[in-house]
$ cat upload32.tsv   # TSV, C-alpha atoms
chain	number	residue	atom	x	y	z
K	158	MET	CA	176.35	121.98	126.64
K	159	LEU	CA	174.87	120.76	123.38
K	160	ARG	CA	172.84	122.79	120.89
K	161	LEU	CA	170.04	120.45	119.77
K	162	PHE	CA	167.09	120.27	117.43
K	163	VAL	CA	164.78	117.53	116.17
K	164	GLY	CA	164.24	117.28	112.43
K	165	LEU	CA	163.99	115.33	109.22
K	166	THR	CA	166.88	114.47	106.95
K	167	LEU	CA	166.35	114.80	103.20
K	168	PRO	CA	167.15	112.20	100.55
K	169	ASP	CA	170.28	112.93	98.50
K	170	GLU	CA	168.22	113.40	95.32
K	171	ILE	CA	166.07	116.07	96.99
K	172	ARG	CA	169.18	117.87	98.25
K	173	ARG	CA	170.61	117.86	94.72
K	174	GLN	CA	167.39	119.40	93.41
K	175	LEU	CA	167.55	122.10	96.08
K	176	GLU	CA	171.15	122.90	95.11
K	177	PHE	CA	169.93	123.85	91.62
K	178	LEU	CA	167.98	126.71	93.20
K	179	GLN	CA	171.12	128.16	94.74
K	180	THR	CA	172.08	130.62	91.99
K	181	ASP	CA	171.39	134.17	90.86
K	182	LEU	CA	171.09	135.89	94.23
K	183	PRO	CA	174.25	137.84	95.10
K	184	GLY	CA	174.72	138.23	98.84
K	185	ALA	CA	172.99	134.98	99.76
K	186	ARG	CA	174.93	132.61	102.03
K	187	TRP	CA	173.83	129.29	100.57
K	188	VAL	CA	173.26	126.36	102.93
K	189	PRO	CA	175.51	123.42	101.95
K	190	ALA	CA	173.52	120.41	100.74
K	191	HIS	CA	174.77	118.22	103.60
K	192	ASN	CA	173.20	120.70	106.10
K	193	MET	CA	169.74	120.82	104.49
K	194	HIS	CA	166.99	119.47	106.73
K	195	LEU	CA	163.49	120.19	107.99
K	196	THR	CA	163.37	121.30	111.63
K	197	LEU	CA	160.51	119.88	113.69
K	198	CYS	CA	161.53	121.43	117.01
K	199	PHE	CA	164.47	123.61	118.08
K	200	LEU	CA	165.70	123.02	121.63
K	201	GLY	CA	168.76	125.24	121.85
K	202	GLU	CA	171.54	124.76	124.41
K	203	VAL	CA	170.98	121.84	126.80
K	204	ASP	CA	173.21	119.95	129.23
K	205	ARG	CA	174.09	116.26	128.77
K	206	HIS	CA	171.46	115.13	131.30
K	207	THR	CA	168.72	116.99	129.40
K	208	ALA	CA	170.07	115.62	126.10
K	209	ALA	CA	169.63	112.10	127.48
K	210	ASP	CA	166.04	112.97	128.45
K	211	VAL	CA	165.43	114.32	124.93
K	212	ASP	CA	166.64	111.00	123.52
K	213	LEU	CA	164.29	109.05	125.82
K	214	ALA	CA	161.38	111.32	124.89
K	215	MET	CA	162.03	110.85	121.17
K	216	GLU	CA	162.25	107.07	121.53
K	217	ALA	CA	158.69	107.17	122.91
K	218	VAL	CA	157.24	109.01	119.88
K	219	ARG	CA	154.99	106.83	117.72
K	220	SER	CA	153.87	108.19	114.37
K	221	PRO	CA	153.32	106.74	110.90
K	222	ALA	CA	155.74	107.08	108.00
K	223	PHE	CA	154.48	109.41	105.26
K	224	ASP	CA	155.30	111.05	101.97
K	225	LEU	CA	156.36	114.68	101.76
K	226	ARG	CA	156.66	117.14	98.88
K	227	LEU	CA	158.54	120.44	98.71
K	228	SER	CA	157.05	123.18	96.58
K	229	GLY	CA	157.66	126.90	96.08
K	230	VAL	CA	160.29	129.38	97.30
K	231	ASP	CA	159.75	132.20	99.82
K	232	TRP	CA	161.55	134.12	102.55
K	233	PHE	CA	161.22	135.09	106.19
K	234	GLY	CA	161.76	138.74	106.99
K	235	GLN	CA	160.11	142.01	106.11
K	236	LYS	CA	157.76	141.52	103.17
K	237	ALA	CA	156.80	145.15	102.73
K	238	ARG	CA	158.36	146.99	99.80
K	239	GLY	CA	161.72	148.28	100.95
K	240	GLY	CA	162.06	145.49	103.53
K	241	GLU	CA	164.80	142.90	103.75
K	242	GLY	CA	164.73	139.14	104.03
K	243	ARG	CA	166.80	137.15	106.47
K	244	LEU	CA	166.19	133.55	105.39
K	245	LEU	CA	165.32	131.99	102.02
K	246	TYR	CA	163.46	128.67	102.08
K	247	VAL	CA	161.60	126.05	100.08
K	248	ASP	CA	158.09	125.49	101.37
K	249	VAL	CA	156.55	122.15	102.33
K	250	GLU	CA	153.16	121.20	100.95
K	251	LYS	CA	150.53	120.86	103.68
K	252	ASN	CA	150.69	117.43	105.22
K	253	PRO	CA	148.64	116.35	108.26
K	254	ASP	CA	151.05	113.49	109.05
K	255	LEU	CA	153.95	115.96	109.29
K	256	ILE	CA	151.93	118.24	111.59
K	257	ARG	CA	150.97	115.27	113.80
K	258	LEU	CA	154.62	114.17	114.02
K	259	GLN	CA	155.71	117.66	115.05
K	260	GLU	CA	152.95	117.82	117.67
K	261	ARG	CA	153.92	114.39	119.04
K	262	VAL	CA	157.58	115.40	119.25
K	263	THR	CA	156.67	118.58	121.15
K	264	SER	CA	154.27	116.73	123.48
K	265	ALA	CA	156.85	114.04	124.26
K	266	LEU	CA	159.42	116.70	125.15
K	267	GLN	CA	156.95	118.51	127.41
K	268	ARG	CA	156.15	115.26	129.25
K	269	PHE	CA	159.85	115.14	130.15
K	270	GLY	CA	159.73	118.75	131.34
K	271	ILE	CA	161.67	120.01	128.33
K	272	ARG	CA	160.48	123.33	126.91
K	273	PRO	CA	161.04	123.56	123.15
K	274	GLU	CA	161.03	126.83	121.23
K	275	LYS	CA	157.54	128.40	121.19
K	276	ARG	CA	157.63	129.71	117.63
K	277	LYS	CA	154.69	128.57	115.48
K	278	PHE	CA	155.63	125.57	113.33
K	279	HIS	CA	156.10	126.59	109.69
K	280	PRO	CA	157.58	123.57	107.89
K	281	HIS	CA	160.31	124.59	105.45
K	282	VAL	CA	163.83	123.79	104.26
K	283	THR	CA	166.28	126.69	104.54
K	284	ILE	CA	168.41	127.11	101.41
K	285	ALA	CA	170.13	130.45	102.23
K	286	ARG	CA	170.75	132.99	104.94
K	287	LEU	CA	170.33	136.57	103.78
K	288	ARG	CA	171.89	139.89	104.65
K	289	ASP	CA	171.30	143.22	102.93
K	290	ILE	CA	169.15	141.73	100.16
K	291	HIS	CA	166.19	144.01	99.54
K	292	PHE	CA	162.59	143.28	98.68
K	293	ASP	CA	162.79	143.78	94.90
K	294	ARG	CA	165.67	141.35	94.44
K	295	LEU	CA	164.11	138.74	96.72
K	296	ALA	CA	160.68	139.04	95.15
K	297	GLY	CA	162.20	138.65	91.68
K	298	PHE	CA	164.21	135.60	92.74
K	299	CYS	CA	161.14	133.94	94.28
K	300	ARG	CA	159.02	134.66	91.19
K	301	ARG	CA	161.67	133.04	88.96
K	302	LYS	CA	162.00	129.96	91.18
K	303	ASN	CA	158.45	129.60	92.49
K	304	LEU	CA	157.44	126.76	90.15
K	305	PHE	CA	160.02	124.55	91.84
K	306	ALA	CA	158.55	121.34	93.24
K	307	THR	CA	159.92	117.93	94.14
K	308	GLU	CA	158.29	114.60	93.59
K	309	PRO	CA	156.86	113.18	96.82
K	310	PHE	CA	159.49	111.38	98.88
K	311	GLY	CA	159.20	108.99	101.80
K	312	VAL	CA	159.85	110.01	105.38
K	313	GLU	CA	160.63	106.89	107.40
K	314	ASP	CA	162.37	108.36	110.44
K	315	PHE	CA	163.23	111.56	112.27
K	316	SER	CA	166.47	112.54	113.99
K	317	LEU	CA	168.01	114.37	116.91
K	318	PHE	CA	170.66	116.76	115.59
K	319	SER	CA	173.43	118.64	117.33
K	320	SER	CA	174.61	121.94	115.91
K	321	VAL	CA	178.03	123.56	116.30
K	322	LEU	CA	178.33	127.21	115.28
K	323	THR	CA	181.64	128.17	113.64
K	324	ARG	CA	182.92	131.12	111.64
K	325	ASP	CA	182.21	129.06	108.51
K	326	GLY	CA	178.59	128.48	109.51
K	327	SER	CA	176.74	125.75	111.35
K	328	HIS	CA	177.81	122.11	111.29
K	329	TYR	CA	175.11	119.55	112.03
K	330	SER	CA	175.54	115.98	113.26
K	331	ILE	CA	172.88	113.33	113.74
K	332	GLU	CA	173.02	112.15	117.35
K	333	ALA	CA	170.20	109.59	117.05
K	334	SER	CA	167.46	108.54	114.63
K	335	TYR	CA	164.00	107.25	115.46
K	336	PRO	CA	161.90	105.09	113.11
K	337	LEU	CA	158.38	105.93	112.10
K	338	THR	CA	155.77	103.19	111.80
K	339	PRO	CA	155.90	101.76	108.25
K	340	GLN	CA	153.02	102.58	105.94
K	341	PRO	CA	150.74	99.62	105.28
K	342	ILE	CA	151.20	98.03	101.88
K	343	THR	CA	148.07	98.25	99.75
K	344	VAL	CA	147.40	95.74	97.03

$ encode --input "upload32.tsv" --output "structure tokens"
Amino acid sequence: MLRLFVGLTLPDEIRRQLEFLQTDLPGARWVPAHNMHLTLCFLGEVDRHTAADVDLAMEAVRSPAFDLRLSGVDWFGQKARGGEGRLLYVDVEKNPDLIRLQERVTSALQRFGIRPEKRKFHPHVTIARLRDIHFDRLAGFCRRKNLFATEPFGVEDFSLFSSVLTRDGSHYSIEASYPLTPQPITV
């Protein structure tokens, strides 16, 4: 069995910028830079036959290359005062090309009879996993870091990742990459 997801890799420079955010929050389990990515679709545990079908489905996806920009810091979890967060992330600025790519990935999988996770797509890059970090500390951290933004960066492909869970955290490997259609050059 393989644990799979489809996502975007991040340029090294963007990962370095994200690493600068990873301070001043005791109790956070920071995601190593080499594991930072943007998940388009989580598939979970699949057998090798299904993994081959996923690869075929992804090869059929056609979508244009685009630019993406990360901006702002937030968390998933209870947002009410006294609540706790479970995941700290950097948000992705709204981008219709990203949404279309995610929809095309999901549709291609469904055509092959593969049922991806049903959670609503909220594009983000996870920078930490959280445990026992309460609202006040999280809200303060996000206020201090919320002006964070990257320059736009090009997205020219997407990838099929495998994930192995260990005591030290998850380890991701790229199983295959799929090119996006190049952007037309304007003069």

$ residues_near_point --input "upload32.tsv" --point "(150.5, 117.7, 99.4)" --cutoff "8 Å" --atoms "all atoms listed in the file" --output "PyMOL selection string"
chain K and resi 225-226+250-252

$ residues_near_point --input "upload32.tsv" --point "(163.6, 133.8, 104.0)" --cutoff "8 Å" --atoms "only C-alpha atoms" --output "number ranges by chain"
K: 231-234, 242-246, 283, 285-287

$ atom_distance --input "upload32.tsv" --atom1 "CA of Pro189 in chain K" --atom2 "CA of Leu258 in chain K"
25.8 Å

$ residues_around --input "upload32.tsv" --residues "Pro168 in chain K" --least-positions-apart "3" --cutoff "8 Å" --atoms "all atoms listed in the file" --output "count of residues only"
3

$ atom_distance --input "upload32.tsv" --atom1 "CA of Ala306 in chain K" --atom2 "CA of Gln179 in chain K"
14.4 Å

$ decode --input "upload32.tsv" --residues "range 185-323 of chain K" --atoms "C-alpha atoms" --output "PDB file, in the first residue's frame"
ATOM      1  CA  ALA K 185       5.078  23.937  17.426  1.00  0.00           C
ATOM      2  CA  ARG K 186       6.448  20.984  15.453  1.00  0.00           C
ATOM      3  CA  TRP K 187       7.905  22.828  12.476  1.00  0.00           C
ATOM      4  CA  VAL K 188       7.647  21.231   9.033  1.00  0.00           C
ATOM      5  CA  PRO K 189      11.131  20.783   7.530  1.00  0.00           C
ATOM      6  CA  ALA K 190      11.664  22.925   4.429  1.00  0.00           C
ATOM      7  CA  HIS K 191      12.146  19.871   2.191  1.00  0.00           C
ATOM      8  CA  ASN K 192       8.614  18.695   3.141  1.00  0.00           C
ATOM      9  CA  MET K 193       6.826  21.985   2.385  1.00  0.00           C
ATOM     10  CA  HIS K 194       4.309  21.714  -0.440  1.00  0.00           C
ATOM     11  CA  LEU K 195       0.776  22.670  -1.449  1.00  0.00           C
ATOM     12  CA  THR K 196      -1.647  19.730  -1.479  1.00  0.00           C
ATOM     13  CA  LEU K 197      -4.130  19.668  -4.359  1.00  0.00           C
ATOM     14  CA  CYS K 198      -5.762  16.354  -3.482  1.00  0.00           C
ATOM     15  CA  PHE K 199      -5.153  13.782  -0.727  1.00  0.00           C
ATOM     16  CA  LEU K 200      -5.752  10.170  -1.735  1.00  0.00           C
ATOM     17  CA  GLY K 201      -4.650   8.234   1.329  1.00  0.00           C
ATOM     18  CA  GLU K 202      -3.677   4.552   1.257  1.00  0.00           C
ATOM     19  CA  VAL K 203      -3.948   2.918  -2.179  1.00  0.00           C
ATOM     20  CA  ASP K 204      -2.670  -0.336  -3.664  1.00  0.00           C
ATOM     21  CA  ARG K 205      -0.105  -0.433  -6.493  1.00  0.00           C
ATOM     22  CA  HIS K 206      -2.775  -1.011  -9.154  1.00  0.00           C
ATOM     23  CA  THR K 207      -4.688   2.096  -8.024  1.00  0.00           C
ATOM     24  CA  ALA K 208      -1.410   4.054  -7.856  1.00  0.00           C
ATOM     25  CA  ALA K 209      -0.806   3.188 -11.520  1.00  0.00           C
ATOM     26  CA  ASP K 210      -4.325   4.429 -12.346  1.00  0.00           C
ATOM     27  CA  VAL K 211      -3.623   7.663 -10.448  1.00  0.00           C
ATOM     28  CA  ASP K 212      -0.501   8.161 -12.565  1.00  0.00           C
ATOM     29  CA  LEU K 213      -2.485   7.613 -15.787  1.00  0.00           C
ATOM     30  CA  ALA K 214      -5.189  10.021 -14.612  1.00  0.00           C
ATOM     31  CA  MET K 215      -2.629  12.715 -13.795  1.00  0.00           C
ATOM     32  CA  GLU K 216      -0.914  12.313 -17.170  1.00  0.00           C
ATOM     33  CA  ALA K 217      -4.258  13.203 -18.780  1.00  0.00           C
ATOM     34  CA  VAL K 218      -4.644  16.511 -16.881  1.00  0.00           C
ATOM     35  CA  ARG K 219      -4.199  19.579 -19.082  1.00  0.00           C
ATOM     36  CA  SER K 220      -3.964  22.960 -17.405  1.00  0.00           C
ATOM     37  CA  PRO K 221      -1.954  26.143 -17.983  1.00  0.00           C
ATOM     38  CA  ALA K 222       1.118  27.147 -15.998  1.00  0.00           C
ATOM     39  CA  PHE K 223       0.505  30.094 -13.678  1.00  0.00           C
ATOM     40  CA  ASP K 224       2.009  32.330 -11.035  1.00  0.00           C
ATOM     41  CA  LEU K 225       1.218  31.878  -7.356  1.00  0.00           C
ATOM     42  CA  ARG K 226       1.757  34.061  -4.299  1.00  0.00           C
ATOM     43  CA  LEU K 227       1.700  33.113  -0.617  1.00  0.00           C
ATOM     44  CA  SER K 228       0.418  35.692   1.827  1.00  0.00           C
ATOM     45  CA  GLY K 229      -0.588  35.734   5.495  1.00  0.00           C
ATOM     46  CA  VAL K 230      -0.411  33.222   8.354  1.00  0.00           C
ATOM     47  CA  ASP K 231      -3.364  31.436   9.986  1.00  0.00           C
ATOM     48  CA  TRP K 232      -4.308  28.155  11.638  1.00  0.00           C
ATOM     49  CA  PHE K 233      -6.822  25.341  11.411  1.00  0.00           C
ATOM     50  CA  GLY K 234      -8.502  24.352  14.644  1.00  0.00           C
ATOM     51  CA  GLN K 235     -10.775  25.995  17.163  1.00  0.00           C
ATOM     52  CA  LYS K 236     -10.794  29.749  16.627  1.00  0.00           C
ATOM     53  CA  ALA K 237     -12.939  30.630  19.616  1.00  0.00           C
ATOM     54  CA  ARG K 238     -11.170  32.143  22.609  1.00  0.00           C
ATOM     55  CA  GLY K 239      -9.881  29.284  24.703  1.00  0.00           C
ATOM     56  CA  GLY K 240      -9.648  26.984  21.674  1.00  0.00           C
ATOM     57  CA  GLU K 241      -6.564  25.262  20.340  1.00  0.00           C
ATOM     58  CA  GLY K 242      -5.027  25.093  16.896  1.00  0.00           C
ATOM     59  CA  ARG K 243      -3.817  21.927  15.257  1.00  0.00           C
ATOM     60  CA  LEU K 244      -2.074  23.177  12.118  1.00  0.00           C
ATOM     61  CA  LEU K 245      -0.300  26.458  11.298  1.00  0.00           C
ATOM     62  CA  TYR K 246      -0.167  27.489   7.645  1.00  0.00           C
ATOM     63  CA  VAL K 247       0.676  30.206   5.151  1.00  0.00           C
ATOM     64  CA  ASP K 248      -2.280  31.147   2.992  1.00  0.00           C
ATOM     65  CA  VAL K 249      -2.362  31.247  -0.801  1.00  0.00           C
ATOM     66  CA  GLU K 250      -3.717  34.320  -2.553  1.00  0.00           C
ATOM     67  CA  LYS K 251      -6.851  33.572  -4.562  1.00  0.00           C
ATOM     68  CA  ASN K 252      -5.936  32.234  -7.962  1.00  0.00           C
ATOM     69  CA  PRO K 253      -8.474  30.914 -10.495  1.00  0.00           C
ATOM     70  CA  ASP K 254      -5.786  28.907 -12.338  1.00  0.00           C
ATOM     71  CA  LEU K 255      -4.927  27.044  -9.127  1.00  0.00           C
ATOM     72  CA  ILE K 256      -8.606  26.290  -8.471  1.00  0.00           C
ATOM     73  CA  ARG K 257      -9.054  25.036 -12.058  1.00  0.00           C
ATOM     74  CA  LEU K 258      -5.983  22.789 -11.728  1.00  0.00           C
ATOM     75  CA  GLN K 259      -7.309  21.299  -8.487  1.00  0.00           C
ATOM     76  CA  GLU K 260     -10.725  20.709 -10.077  1.00  0.00           C
ATOM     77  CA  ARG K 261      -9.127  19.051 -13.125  1.00  0.00           C
ATOM     78  CA  VAL K 262      -7.014  16.793 -10.912  1.00  0.00           C
ATOM     79  CA  THR K 263     -10.094  15.732  -8.934  1.00  0.00           C
ATOM     80  CA  SER K 264     -12.175  15.185 -12.095  1.00  0.00           C
ATOM     81  CA  ALA K 265      -9.438  13.094 -13.725  1.00  0.00           C
ATOM     82  CA  LEU K 266      -9.228  10.883 -10.636  1.00  0.00           C
ATOM     83  CA  GLN K 267     -13.001  10.422 -10.553  1.00  0.00           C
ATOM     84  CA  ARG K 268     -13.022   9.385 -14.232  1.00  0.00           C
ATOM     85  CA  PHE K 269     -10.707   6.533 -13.196  1.00  0.00           C
ATOM     86  CA  GLY K 270     -13.045   5.602 -10.345  1.00  0.00           C
ATOM     87  CA  ILE K 271     -10.697   6.971  -7.694  1.00  0.00           C
ATOM     88  CA  ARG K 272     -12.377   8.796  -4.821  1.00  0.00           C
ATOM     89  CA  PRO K 273     -10.183  11.565  -3.402  1.00  0.00           C
ATOM     90  CA  GLU K 274     -10.726  13.126   0.004  1.00  0.00           C
ATOM     91  CA  LYS K 275     -13.981  15.131   0.102  1.00  0.00           C
ATOM     92  CA  ARG K 276     -12.728  17.999   2.245  1.00  0.00           C
ATOM     93  CA  LYS K 277     -13.285  21.453   0.706  1.00  0.00           C
ATOM     94  CA  PHE K 278     -10.135  22.710  -1.031  1.00  0.00           C
ATOM     95  CA  HIS K 279      -8.425  25.425   1.013  1.00  0.00           C
ATOM     96  CA  PRO K 280      -5.056  26.084  -0.639  1.00  0.00           C
ATOM     97  CA  HIS K 281      -2.297  26.538   1.941  1.00  0.00           C
ATOM     98  CA  VAL K 282       1.245  25.513   2.866  1.00  0.00           C
ATOM     99  CA  THR K 283       1.572  23.879   6.281  1.00  0.00           C
ATOM    100  CA  ILE K 284       4.507  25.232   8.291  1.00  0.00           C
ATOM    101  CA  ALA K 285       3.824  23.563  11.677  1.00  0.00           C
ATOM    102  CA  ARG K 286       1.751  20.959  13.446  1.00  0.00           C
ATOM    103  CA  LEU K 287       0.387  22.133  16.778  1.00  0.00           C
ATOM    104  CA  ARG K 288      -0.438  20.508  20.079  1.00  0.00           C
ATOM    105  CA  ASP K 289      -1.536  22.239  23.277  1.00  0.00           C
ATOM    106  CA  ILE K 290      -1.037  25.749  21.883  1.00  0.00           C
ATOM    107  CA  HIS K 291      -3.931  27.928  22.963  1.00  0.00           C
ATOM    108  CA  PHE K 292      -5.808  30.685  21.190  1.00  0.00           C
ATOM    109  CA  ASP K 293      -3.986  33.674  22.723  1.00  0.00           C
ATOM    110  CA  ARG K 294      -0.533  32.437  21.761  1.00  0.00           C
ATOM    111  CA  LEU K 295      -1.620  31.459  18.256  1.00  0.00           C
ATOM    112  CA  ALA K 296      -3.485  34.703  17.652  1.00  0.00           C
ATOM    113  CA  GLY K 297      -0.444  36.691  18.798  1.00  0.00           C
ATOM    114  CA  PHE K 298       1.895  34.699  16.556  1.00  0.00           C
ATOM    115  CA  CYS K 299      -0.368  35.186  13.529  1.00  0.00           C
ATOM    116  CA  ARG K 300      -0.696  38.930  14.194  1.00  0.00           C
ATOM    117  CA  ARG K 301       3.108  39.276  14.341  1.00  0.00           C
ATOM    118  CA  LYS K 302       3.648  37.272  11.139  1.00  0.00           C
ATOM    119  CA  ASN K 303       0.558  38.223   9.140  1.00  0.00           C
ATOM    120  CA  LEU K 304       2.298  40.738   6.864  1.00  0.00           C
ATOM    121  CA  PHE K 305       4.358  37.894   5.416  1.00  0.00           C
ATOM    122  CA  ALA K 306       4.044  37.598   1.634  1.00  0.00           C
ATOM    123  CA  THR K 307       6.162  36.107  -1.114  1.00  0.00           C
ATOM    124  CA  GLU K 308       6.776  37.505  -4.539  1.00  0.00           C
ATOM    125  CA  PRO K 309       4.761  35.668  -7.194  1.00  0.00           C
ATOM    126  CA  PHE K 310       6.476  32.482  -8.353  1.00  0.00           C
ATOM    127  CA  GLY K 311       5.893  30.271 -11.365  1.00  0.00           C
ATOM    128  CA  VAL K 312       4.096  26.944 -11.163  1.00  0.00           C
ATOM    129  CA  GLU K 313       5.087  24.858 -14.184  1.00  0.00           C
ATOM    130  CA  ASP K 314       4.156  21.358 -13.031  1.00  0.00           C
ATOM    131  CA  PHE K 315       2.399  19.340 -10.350  1.00  0.00           C
ATOM    132  CA  SER K 316       3.458  16.082  -8.725  1.00  0.00           C
ATOM    133  CA  LEU K 317       2.279  12.789  -7.299  1.00  0.00           C
ATOM    134  CA  PHE K 318       3.788  12.357  -3.832  1.00  0.00           C
ATOM    135  CA  SER K 319       4.076   9.342  -1.585  1.00  0.00           C
ATOM    136  CA  SER K 320       4.140   9.809   2.164  1.00  0.00           C
ATOM    137  CA  VAL K 321       5.700   7.539   4.783  1.00  0.00           C
ATOM    138  CA  LEU K 322       4.759   8.182   8.410  1.00  0.00           C
ATOM    139  CA  THR K 323       7.567   7.647  10.934  1.00  0.00           C
TER     140      THR K 323
END
